[in-house]
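Here is the file structure.csv (CSV, C-alpha atoms).
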```
chain,number,residue,atom,x,y,z
A,51,MET,CA,-16.3,62.0,22.9
A,52,ASP,CA,-17.3,65.2,24.8
A,53,GLU,CA,-20.4,65.5,22.5
A,54,ARG,CA,-21.4,61.9,23.4
A,55,GLY,CA,-21.0,62.4,27.1
A,56,ILE,CA,-17.8,60.5,27.5
A,57,VAL,CA,-15.7,62.6,29.8
A,58,GLY,CA,-13.2,62.5,32.6
A,59,ASP,CA,-11.5,59.2,33.6
A,60,ALA,CA,-13.5,57.2,31.0
A,61,GLN,CA,-12.3,59.4,28.2
A,62,GLU,CA,-8.7,59.2,29.5
A,63,GLU,CA,-8.8,55.4,29.7
A,64,ILE,CA,-10.0,55.2,26.1
A,65,ILE,CA,-7.3,57.5,24.8
A,66,ARG,CA,-4.6,55.6,26.7
A,67,GLY,CA,-5.9,52.3,25.2
A,68,ILE,CA,-5.9,53.7,21.6
A,69,SER,CA,-2.5,55.3,22.1
A,70,SER,CA,-1.0,52.1,23.5
A,71,PHE,CA,-2.3,50.0,20.7
A,72,ALA,CA,-1.0,52.5,18.1
A,73,LEU,CA,2.5,51.9,19.4
A,74,TYR,CA,2.5,48.3,18.1
A,75,GLY,CA,-0.7,47.7,16.1
A,76,PHE,CA,-1.0,50.0,13.2
A,77,PRO,CA,2.6,50.2,12.1
A,78,GLU,CA,2.8,46.4,11.6
A,79,SER,CA,2.9,46.0,7.8
A,80,HIS,CA,2.1,42.3,8.0
A,81,SER,CA,-1.3,43.2,9.6
A,82,ALA,CA,-2.5,44.7,6.4
A,83,SER,CA,-1.0,41.9,4.4
A,84,PHE,CA,-2.8,39.2,6.4
A,85,ALA,CA,-6.0,41.1,6.4
A,86,LEU,CA,-6.0,41.3,2.6
A,87,ILE,CA,-5.2,37.6,2.3
A,88,ALA,CA,-7.9,36.7,4.9
A,89,TYR,CA,-10.5,38.8,3.1
A,90,ALA,CA,-9.7,37.5,-0.3
A,91,SER,CA,-9.6,33.9,0.9
A,92,ALA,CA,-13.0,34.3,2.7
A,93,TYR,CA,-14.5,35.9,-0.3
A,94,LEU,CA,-13.4,33.1,-2.7
A,95,ARG,CA,-14.4,30.4,-0.2
A,96,ALA,CA,-17.9,31.9,0.1
A,97,HIS,CA,-18.6,32.7,-3.6
A,98,TYR,CA,-16.3,30.3,-5.5
A,99,PRO,CA,-15.8,27.3,-3.2
A,100,ALA,CA,-14.9,24.8,-5.9
A,101,ALA,CA,-12.3,27.0,-7.5
A,102,PHE,CA,-10.9,27.9,-4.0
A,103,LEU,CA,-10.5,24.1,-3.2
A,104,VAL,CA,-8.7,23.5,-6.5
A,105,GLY,CA,-6.3,26.4,-5.8
A,106,MET,CA,-5.6,25.1,-2.3
A,107,LEU,CA,-5.0,21.5,-3.4
A,108,ASN,CA,-2.8,22.5,-6.3
A,109,ALA,CA,-0.7,24.8,-4.1
A,110,TYR,CA,-0.2,22.1,-1.4
A,111,PRO,CA,1.8,21.8,0.8
A,112,LEU,CA,0.6,24.9,2.5
A,113,GLY,CA,-1.3,26.1,5.5
A,114,PHE,CA,-2.6,24.2,8.5
A,115,TYR,CA,-4.8,21.4,7.2
A,116,ASN,CA,-4.0,18.4,5.1
A,117,PRO,CA,-5.8,17.7,1.8
A,118,ALA,CA,-8.2,15.2,3.3
A,119,THR,CA,-9.5,17.8,5.6
A,120,LEU,CA,-9.8,20.4,2.9
A,121,VAL,CA,-11.8,18.0,0.7
A,122,LYS,CA,-14.2,17.0,3.5
A,123,ASP,CA,-14.8,20.6,4.5
A,124,ALA,CA,-15.6,21.5,0.9
A,125,GLN,CA,-18.0,18.5,0.7
A,126,ASN,CA,-19.7,19.5,3.9
A,127,HIS,CA,-20.3,23.0,2.3
A,128,GLY,CA,-21.9,21.6,-0.8
A,129,VAL,CA,-19.0,21.2,-3.2
A,130,GLU,CA,-19.1,18.2,-5.4
A,131,VAL,CA,-15.6,16.5,-5.3
A,132,ARG,CA,-15.0,13.7,-7.9
A,133,PRO,CA,-12.4,11.0,-7.3
A,134,ILE,CA,-9.2,10.4,-9.2
A,135,ASP,CA,-9.9,8.7,-12.5
A,136,ALA,CA,-7.4,7.7,-15.2
A,137,ALA,CA,-10.1,8.5,-17.8
A,138,HIS,CA,-10.8,12.0,-16.6
A,139,SER,CA,-8.2,13.4,-14.1
A,140,ARG,CA,-5.4,15.8,-15.1
A,141,VAL,CA,-2.2,15.9,-13.2
A,142,ALA,CA,-3.4,18.8,-11.2
A,143,CYS,CA,-6.8,19.1,-9.7
A,144,SER,CA,-9.3,20.8,-12.0
A,145,LEU,CA,-12.8,22.1,-12.4
A,146,GLU,CA,-15.5,20.2,-14.3
A,147,THR,CA,-19.0,20.9,-15.2
A,148,GLY,CA,-21.4,19.9,-12.3
A,149,LYS,CA,-25.1,19.7,-12.0
A,150,ALA,CA,-25.7,23.1,-10.5
A,151,ALA,CA,-22.2,24.4,-9.9
A,152,PRO,CA,-18.6,23.6,-10.9
A,153,ALA,CA,-17.3,20.2,-9.5
A,154,VAL,CA,-13.7,19.5,-8.5
A,155,ARG,CA,-11.9,16.6,-10.1
A,156,LEU,CA,-8.9,15.3,-8.0
A,157,GLY,CA,-5.7,15.2,-9.9
A,158,LEU,CA,-3.2,12.4,-10.6
A,159,ARG,CA,-0.6,14.3,-8.5
A,160,TYR,CA,-2.2,12.8,-5.4
A,161,VAL,CA,-1.7,9.2,-6.4
A,162,HIS,CA,0.9,7.9,-4.0
A,163,GLY,CA,4.0,6.6,-5.9
A,164,LEU,CA,2.8,7.7,-9.4
A,165,ARG,CA,5.7,9.6,-11.0
A,166,ARG,CA,4.8,13.0,-12.4
A,167,GLU,CA,6.2,12.2,-15.8
A,168,VAL,CA,3.9,9.1,-16.0
A,169,GLY,CA,0.9,11.2,-15.0
A,170,GLU,CA,1.8,13.8,-17.7
A,171,GLN,CA,2.2,11.1,-20.3
A,172,LEU,CA,-1.1,9.5,-19.4
A,173,VAL,CA,-2.9,12.8,-19.9
A,174,SER,CA,-1.1,13.5,-23.1
A,175,GLU,CA,-1.9,10.0,-24.6
A,176,ARG,CA,-5.5,10.3,-23.5
A,177,GLU,CA,-5.8,13.6,-25.4
A,178,ARG,CA,-4.8,11.7,-28.5
A,179,GLY,CA,-7.5,9.2,-28.0
A,180,ALA,CA,-9.4,7.6,-25.1
A,181,PHE,CA,-8.0,4.4,-23.6
A,182,ASP,CA,-10.3,1.5,-24.6
A,183,SER,CA,-8.9,-0.9,-22.0
A,184,CYS,CA,-6.3,-1.1,-19.2
A,185,ALA,CA,-4.2,-3.1,-21.6
A,186,ASP,CA,-4.3,-0.2,-24.0
A,187,LEU,CA,-3.4,2.2,-21.2
A,188,LEU,CA,-0.4,0.1,-20.3
A,189,ARG,CA,0.7,-0.2,-23.9
A,190,ARG,CA,0.6,3.5,-24.5
A,191,VAL,CA,1.8,4.6,-21.0
A,192,PRO,CA,4.6,2.3,-19.7
A,193,MET,CA,4.4,2.3,-16.0
A,194,GLN,CA,5.7,0.3,-13.1
A,195,ARG,CA,3.7,-2.5,-11.7
A,196,ALA,CA,3.3,-0.7,-8.4
A,197,GLU,CA,1.9,2.4,-10.2
A,198,LEU,CA,-0.8,0.4,-12.1
A,199,ASP,CA,-1.6,-1.6,-8.9
A,200,THR,CA,-2.1,1.7,-7.0
A,201,LEU,CA,-4.5,3.0,-9.7
A,202,ALA,CA,-6.4,-0.3,-9.5
A,203,GLU,CA,-6.6,-0.2,-5.7
A,204,LEU,CA,-7.7,3.4,-5.7
A,205,GLY,CA,-10.6,2.6,-8.1
A,206,ALA,CA,-9.1,5.0,-10.7
A,207,LEU,CA,-9.4,2.5,-13.6
A,208,ALA,CA,-13.2,2.3,-13.5
A,209,GLY,CA,-13.5,5.1,-16.0
A,210,ILE,CA,-11.6,3.1,-18.5
A,211,GLU,CA,-13.2,-0.3,-17.7
A,212,PRO,CA,-16.4,0.0,-15.7
A,213,ALA,CA,-16.1,-3.7,-14.7
A,214,LEU,CA,-13.0,-2.7,-12.7
A,215,ARG,CA,-15.0,-0.5,-10.3
A,216,ALA,CA,-14.7,-3.4,-7.9
A,217,ARG,CA,-11.2,-2.8,-6.6
A,218,ARG,CA,-10.0,-6.3,-5.8
A,219,GLU,CA,-11.4,-7.4,-9.2
A,220,ALA,CA,-9.3,-4.6,-10.7
A,221,LEU,CA,-6.2,-5.7,-8.9
A,222,TRP,CA,-6.8,-9.3,-10.1
A,223,GLN,CA,-7.3,-8.3,-13.7
A,224,VAL,CA,-4.3,-5.9,-14.0
A,225,ALA,CA,-2.1,-8.6,-12.5
A,226,ALA,CA,-2.5,-10.6,-15.7
A,227,LEU,CA,-1.6,-7.8,-18.1
A,228,GLU,CA,1.6,-8.0,-20.1
A,229,ARG,CA,4.0,-5.4,-18.6
A,230,ASP,CA,6.7,-5.5,-21.3
A,231,PRO,CA,5.8,-2.9,-24.0
A,232,ASN,CA,8.0,-4.8,-26.5
A,233,SER,CA,6.1,-8.1,-26.0
A,234,LEU,CA,3.9,-9.5,-28.8
A,235,PHE,CA,1.2,-9.5,-26.2
A,236,ALA,CA,1.5,-5.8,-25.3
A,237,GLY,CA,-1.8,-4.1,-25.5
A,238,ALA,CA,-3.7,-7.4,-25.7
A,239,LYS,CA,-6.5,-7.9,-23.1
A,240,PRO,CA,-5.9,-11.3,-21.5
A,241,GLU,CA,-8.5,-13.9,-20.8
A,242,THR,CA,-8.9,-14.1,-17.1
A,243,SER,CA,-11.4,-15.6,-14.7
A,244,PRO,CA,-13.3,-13.5,-12.2
A,245,SER,CA,-11.4,-12.7,-9.0
A,246,PRO,CA,-11.7,-15.3,-6.2
A,247,LEU,CA,-10.9,-12.5,-3.7
A,248,GLU,CA,-13.6,-11.2,-1.4
A,249,GLU,CA,-14.5,-7.7,-2.5
A,250,MET,CA,-13.8,-4.6,-0.4
A,251,ASN,CA,-16.4,-3.4,1.9
A,252,ALA,CA,-17.1,0.3,2.5
A,253,MET,CA,-14.5,0.6,5.3
A,254,ASP,CA,-11.9,-1.2,3.1
A,255,GLU,CA,-12.5,1.3,0.3
A,256,THR,CA,-12.1,4.3,2.6
A,257,LEU,CA,-8.8,3.0,4.0
A,258,ALA,CA,-7.6,2.1,0.5
A,259,ASP,CA,-8.4,5.7,-0.6
A,260,TYR,CA,-6.3,7.1,2.3
A,261,ARG,CA,-3.5,4.5,1.7
A,262,THR,CA,-3.2,5.3,-2.0
A,263,SER,CA,-4.0,9.1,-2.2
A,264,GLY,CA,-4.2,10.4,1.4
A,265,MET,CA,-7.9,11.4,1.0
A,266,THR,CA,-11.3,10.1,0.1
A,267,THR,CA,-14.3,11.5,-1.7
A,268,GLY,CA,-16.4,8.7,-0.1
A,269,PRO,CA,-17.6,8.4,3.5
A,270,HIS,CA,-15.4,9.9,6.2
A,271,VAL,CA,-13.7,7.2,8.2
A,272,MET,CA,-15.7,8.2,11.3
A,273,GLN,CA,-19.0,7.5,9.4
A,274,HIS,CA,-18.2,3.8,9.6
A,275,PHE,CA,-18.1,4.0,13.4
A,276,ARG,CA,-21.2,6.2,13.8
A,277,ASN,CA,-23.9,3.6,14.6
A,278,ALA,CA,-21.7,1.9,17.2
A,279,LEU,CA,-20.7,5.3,18.7
A,280,ARG,CA,-24.3,6.5,18.8
A,281,ARG,CA,-25.4,3.4,20.7
A,282,ARG,CA,-22.9,4.3,23.4
A,283,GLY,CA,-24.0,7.9,23.5
A,284,VAL,CA,-20.9,9.4,21.8
A,285,LEU,CA,-21.9,12.6,20.1
A,286,SER,CA,-20.8,13.8,16.7
A,287,THR,CA,-19.0,17.2,16.5
A,288,ARG,CA,-22.2,18.8,15.1
A,289,GLU,CA,-24.2,17.6,18.0
A,290,LEU,CA,-21.8,19.3,20.4
A,291,ARG,CA,-23.0,22.7,19.1
A,292,ASP,CA,-26.4,22.1,20.6
A,293,THR,CA,-25.1,20.8,23.9
A,294,PRO,CA,-25.5,23.1,27.0
A,295,ASN,CA,-22.3,24.6,28.5
A,296,GLY,CA,-20.9,22.4,31.3
A,297,ARG,CA,-22.6,19.1,30.3
A,298,TRP,CA,-20.5,16.0,30.4
A,299,VAL,CA,-20.0,14.6,26.9
A,300,ALA,CA,-18.1,12.1,24.9
A,301,THR,CA,-17.1,12.6,21.3
A,302,ALA,CA,-14.6,11.0,18.9
A,303,GLY,CA,-12.8,11.7,15.7
A,304,HIS,CA,-9.7,11.6,13.5
A,305,VAL,CA,-6.9,13.7,15.1
A,306,ILE,CA,-6.0,16.4,12.6
A,307,VAL,CA,-4.2,18.9,14.9
A,308,ARG,CA,-2.1,18.6,18.1
A,309,GLN,CA,-0.9,21.9,19.5
A,310,ARG,CA,1.0,22.9,22.7
A,311,PRO,CA,2.1,26.5,22.3
A,312,GLY,CA,4.9,27.8,24.4
A,313,SER,CA,2.6,30.6,25.7
A,314,ALA,CA,-0.1,28.1,26.8
A,315,LYS,CA,1.6,27.2,30.1
A,316,GLY,CA,1.7,23.5,29.3
A,317,PHE,CA,-1.9,23.1,28.0
A,318,CYS,CA,-2.4,21.0,24.9
A,319,PHE,CA,-5.0,21.5,22.3
A,320,VAL,CA,-6.4,18.7,20.1
A,321,THR,CA,-8.7,19.0,17.0
A,322,LEU,CA,-10.8,16.0,16.1
A,323,GLU,CA,-12.6,15.7,12.8
A,324,ASP,CA,-15.6,13.5,11.9
A,325,GLU,CA,-18.1,13.4,9.0
A,326,THR,CA,-20.0,16.5,10.4
A,327,GLY,CA,-17.1,18.9,11.2
A,328,THR,CA,-14.4,19.4,13.8
A,329,ALA,CA,-14.2,19.7,17.6
A,330,ASN,CA,-11.5,21.0,19.9
A,331,GLY,CA,-10.3,19.4,23.1
A,332,VAL,CA,-8.1,20.8,25.9
A,333,LEU,CA,-5.7,18.9,28.1
A,334,THR,CA,-4.1,20.3,31.3
A,335,PRO,CA,-0.4,19.8,31.8
A,336,ASP,CA,-1.0,16.9,34.1
A,337,GLN,CA,-3.5,15.2,31.7
A,338,PHE,CA,-1.0,15.7,28.9
A,339,GLN,CA,1.5,13.6,30.8
A,340,ARG,CA,-1.1,11.1,31.8
A,341,PHE,CA,-2.4,10.5,28.3
A,342,ARG,CA,0.9,11.2,26.5
A,343,THR,CA,1.1,7.8,24.8
A,344,PRO,CA,-2.4,7.4,23.3
A,345,LEU,CA,-2.4,11.1,22.4
A,346,HIS,CA,0.7,10.8,20.2
A,347,THR,CA,0.1,7.3,18.8
A,348,ALA,CA,-3.6,7.1,18.0
A,349,LYS,CA,-5.0,8.6,14.9
A,350,LEU,CA,-8.6,8.1,16.0
A,351,LEU,CA,-9.5,9.2,19.5
A,352,GLU,CA,-12.5,9.2,21.8
A,353,ILE,CA,-12.5,11.9,24.5
A,354,GLU,CA,-14.8,12.7,27.5
A,355,GLY,CA,-15.3,15.7,29.7
A,356,PRO,CA,-17.4,18.8,30.3
A,357,VAL,CA,-18.2,20.8,27.2
A,358,GLN,CA,-17.4,24.5,27.2
A,359,ASN,CA,-19.9,26.1,24.8
A,360,VAL,CA,-19.7,29.9,25.1
A,361,ASP,CA,-20.7,32.3,22.3
A,362,GLY,CA,-20.5,29.5,19.7
A,363,VAL,CA,-16.9,28.6,20.7
A,364,ILE,CA,-16.8,24.9,21.7
A,365,HIS,CA,-14.2,23.0,23.6
A,366,VAL,CA,-14.2,19.7,25.5
A,367,ARG,CA,-12.2,19.9,28.7
A,368,ILE,CA,-10.7,16.4,28.4
A,369,ARG,CA,-11.0,14.2,31.5
A,370,ASP,CA,-10.6,10.9,29.7
A,371,LEU,CA,-9.0,9.9,26.4
A,372,ARG,CA,-8.6,6.6,24.6
A,373,PRO,CA,-7.8,5.2,21.2
A,374,LEU,CA,-10.8,4.3,19.0
A,375,ALA,CA,-9.0,2.2,16.5
A,376,ALA,CA,-5.5,1.7,15.0
A,377,GLU,CA,-5.6,2.6,11.3
A,378,ARG,CA,-2.2,3.3,9.9
A,379,GLU,CA,-3.6,4.4,6.5
A,380,LEU,CA,-5.2,7.5,7.8
A,381,PRO,CA,-3.4,10.8,7.0
A,382,GLY,CA,-1.2,12.4,9.7
A,383,SER,CA,-2.0,15.4,11.8
A,384,HIS,CA,-0.5,18.9,12.0
A,385,ASP,CA,1.6,18.5,15.2
A,386,TYR,CA,3.3,21.2,17.3
A,387,ARG,CA,4.2,23.5,14.5
```

Output the file's structure in the form of structure tokens.
Amino acid sequence: MDERGIVGDAQEEIIRGISSFALYGFPESHSASFALIAYASAYLRAHYPAAFLVGMLNAYPLGFYNPATLVKDAQNHGVEVRPIDAAHSRVACSLETGKAAPAVRLGLRYVHGLRREVGEQLVSERERGAFDSCADLLRRVPMQRAELDTLAELGALAGIEPALRARREALWQVAALERDPNSLFAGAKPETSPSPLEEMNAMDETLADYRTSGMTTGPHVMQHFRNALRRRGVLSTRELRDTPNGRWVATAGHVIVRQRPGSAKGFCFVTLEDETGTANGVLTPDQFQRFRTPLHTAKLLEIEGPVQNVDGVIHVRIRDLRPLAAERELPGSHDYR
């Protein structure tokens, strides 16, 4: 430091700072462990994003974010994620050949209510020979009515019978299948009329995905609200990045994190996710009490307040908060943990 002209009080202050940090910083063994994990994770996510996503999904439950958020983040970074399909999915999530890079195929383990042994038997039977119909699937893989219905509602039977891509049509058709494997009609494809049910719209399919698997490879739920939100001047989370510091804004999203650390003096932090990314909101202790009910009961929130955009770190200092919609099928958030 002498050679660089740092002398006197400045030099002493630097030495004191380094010495003080050395008392607690360098001896902490977990610092090196976390640094290694963080470096390895960042490297894999940057250079092998599809494999990284497969690893995260197959190791779940872990970490801070639910599978739905992991999938959407990967898609936003260019990873092709393919839906659960009884004709292609393994029990675990897996890599498949993509157009320019590996694609991720979601696994049967994420089908709500599908027993693991049923998923394993389905894959084993499929390896012996492809299923030629849903009746053939049910004959070779005995499963409960609810399990087959869930696959139909999820759209996971379309790979076996393309005509069942329409989900309510799939539910209608599988309802007529003989469920008793010992019946003379087991494996026979029944003659059924087209479904009289109105087919699902895009929002119905998104909610069905969340209801049956906890995630979607299709549009994010917020995408269905985007046009209406844009007409009211509600910004996407991506648009917040270009908003000047201090400007009053409104944004909305699916609540994926609620945090109120003990060291934060009563402040509450909320993370909202939409189809373009995530945004953070901050509530003072008084506002936390004022908005306590909608904050804890709504899965989709709209927030207003001045944006804090400093050095690429963005928060909305929440002055108003209201539920956007009540959708019970949406995945839950990571709350106060």

Computed gap from atom CA of Gly157 of chain A to atom CA of Arg140 of chain A is 5.2 Å

Just give me the gap between atom CA of Pro269 of chain A and atom CA of Asp123 of chain A in Å, one decimal is fine. 12.6 Å

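The shortest atom-to-atom distance to Phe275 of chain A, with only C-alpha atoms taken into account, belongs to A:Thr301 out of A:Asn126, A:Thr147, A:Ser245, A:Thr301.
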
Cut-off 10 Å around (-15.6, 15.6, 33.4) with all atoms listed in the file: residues as a PyMOL selection string: chain A and resi 296-300+354-357+366-370

Around (4.1, 9.2, -10.4) in the file's own coordinates, what residues are found within 12 Å if you use all atoms listed in the file, given back as a PDB file with C-alpha atoms, in the frame of the given file?
```
ATOM      1  CA  VAL A 141      -2.200  15.900 -13.200  1.00  0.00           C
ATOM      2  CA  GLY A 157      -5.700  15.200  -9.900  1.00  0.00           C
ATOM      3  CA  LEU A 158      -3.200  12.400 -10.600  1.00  0.00           C
ATOM      4  CA  ARG A 159      -0.600  14.300  -8.500  1.00  0.00           C
ATOM      5  CA  TYR A 160      -2.200  12.800  -5.400  1.00  0.00           C
ATOM      6  CA  VAL A 161      -1.700   9.200  -6.400  1.00  0.00           C
ATOM      7  CA  HIS A 162       0.900   7.900  -4.000  1.00  0.00           C
ATOM      8  CA  GLY A 163       4.000   6.600  -5.900  1.00  0.00           C
ATOM      9  CA  LEU A 164       2.800   7.700  -9.400  1.00  0.00           C
ATOM     10  CA  ARG A 165       5.700   9.600 -11.000  1.00  0.00           C
ATOM     11  CA  ARG A 166       4.800  13.000 -12.400  1.00  0.00           C
ATOM     12  CA  GLU A 167       6.200  12.200 -15.800  1.00  0.00           C
ATOM     13  CA  VAL A 168       3.900   9.100 -16.000  1.00  0.00           C
ATOM     14  CA  GLY A 169       0.900  11.200 -15.000  1.00  0.00           C
ATOM     15  CA  GLU A 170       1.800  13.800 -17.700  1.00  0.00           C
ATOM     16  CA  GLN A 171       2.200  11.100 -20.300  1.00  0.00           C
ATOM     17  CA  LEU A 172      -1.100   9.500 -19.400  1.00  0.00           C
ATOM     18  CA  VAL A 191       1.800   4.600 -21.000  1.00  0.00           C
ATOM     19  CA  PRO A 192       4.600   2.300 -19.700  1.00  0.00           C
ATOM     20  CA  MET A 193       4.400   2.300 -16.000  1.00  0.00           C
ATOM     21  CA  GLN A 194       5.700   0.300 -13.100  1.00  0.00           C
ATOM     22  CA  ARG A 195       3.700  -2.500 -11.700  1.00  0.00           C
ATOM     23  CA  ALA A 196       3.300  -0.700  -8.400  1.00  0.00           C
ATOM     24  CA  GLU A 197       1.900   2.400 -10.200  1.00  0.00           C
ATOM     25  CA  LEU A 198      -0.800   0.400 -12.100  1.00  0.00           C
ATOM     26  CA  THR A 200      -2.100   1.700  -7.000  1.00  0.00           C
ATOM     27  CA  LEU A 201      -4.500   3.000  -9.700  1.00  0.00           C
ATOM     28  CA  THR A 262      -3.200   5.300  -2.000  1.00  0.00           C
ATOM     29  CA  SER A 263      -4.000   9.100  -2.200  1.00  0.00           C
TER      30      SER A 263
END
```

May I ask for the distance between atom CA of Ile306 of chain A and atom CA of Thr334 of chain A, given in Å to one decimal place?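 According to the coordinates, atom CA of Ile306 of chain A and atom CA of Thr334 of chain A are separated by 19.2 Å.
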
Counting all atoms listed in the file, give me one row per residue of segment 122-183 of chain A with an atom at most 12 Å from an atom of segment 98-109 of chain A, showing the shortest contact pair and its distance in Å to one decimal, sorted by chain then residue number, as CSV.
```
residue,atom,partner,partner_atom,distance
A:Lys122,CA,A:Leu103,CA,10.4
A:Asp123,CA,A:Leu103,CA,9.5
A:Ala124,CA,A:Leu103,CA,7.0
A:Gln125,CA,A:Ala100,CA,9.6
A:Asn126,CA,A:Pro99,CA,11.2
A:His127,CA,A:Pro99,CA,8.3
A:Gly128,CA,A:Pro99,CA,8.7
A:Val129,CA,A:Ala100,CA,6.1
A:Glu130,CA,A:Ala100,CA,7.8
A:Val131,CA,A:Ala100,CA,8.4
A:Arg132,CA,A:Ala100,CA,11.3
A:Arg140,CA,A:Asn108,CA,11.4
A:Val141,CA,A:Asn108,CA,9.6
A:Ala142,CA,A:Asn108,CA,6.2
A:Cys143,CA,A:Val104,CA,5.8
A:Ser144,CA,A:Val104,CA,6.2
A:Leu145,CA,A:Ala101,CA,6.9
A:Glu146,CA,A:Ala100,CA,9.6
A:Thr147,CA,A:Ala100,CA,10.9
A:Gly148,CA,A:Ala100,CA,10.4
A:Ala150,CA,A:Ala100,CA,11.9
A:Ala151,CA,A:Ala100,CA,8.3
A:Pro152,CA,A:Ala100,CA,6.3
A:Ala153,CA,A:Ala100,CA,6.3
A:Val154,CA,A:Ala100,CA,6.0
A:Arg155,CA,A:Val104,CA,8.4
A:Leu156,CA,A:Val104,CA,8.3
A:Gly157,CA,A:Asn108,CA,8.6
A:Leu158,CA,A:Asn108,CA,11.0
A:Arg159,CA,A:Asn108,CA,8.8
A:Tyr160,CA,A:Leu107,CA,9.4
```

Nearest to Ala202 of chain A among A:Arg215, A:His138, A:Arg308, A:Arg190, with distances taken over only C-alpha atoms: which residue is it?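 Of A:Arg215, A:His138, A:Arg308, A:Arg190, the one nearest Ala202 of chain A, counting only C-alpha atoms, is A:Arg215.
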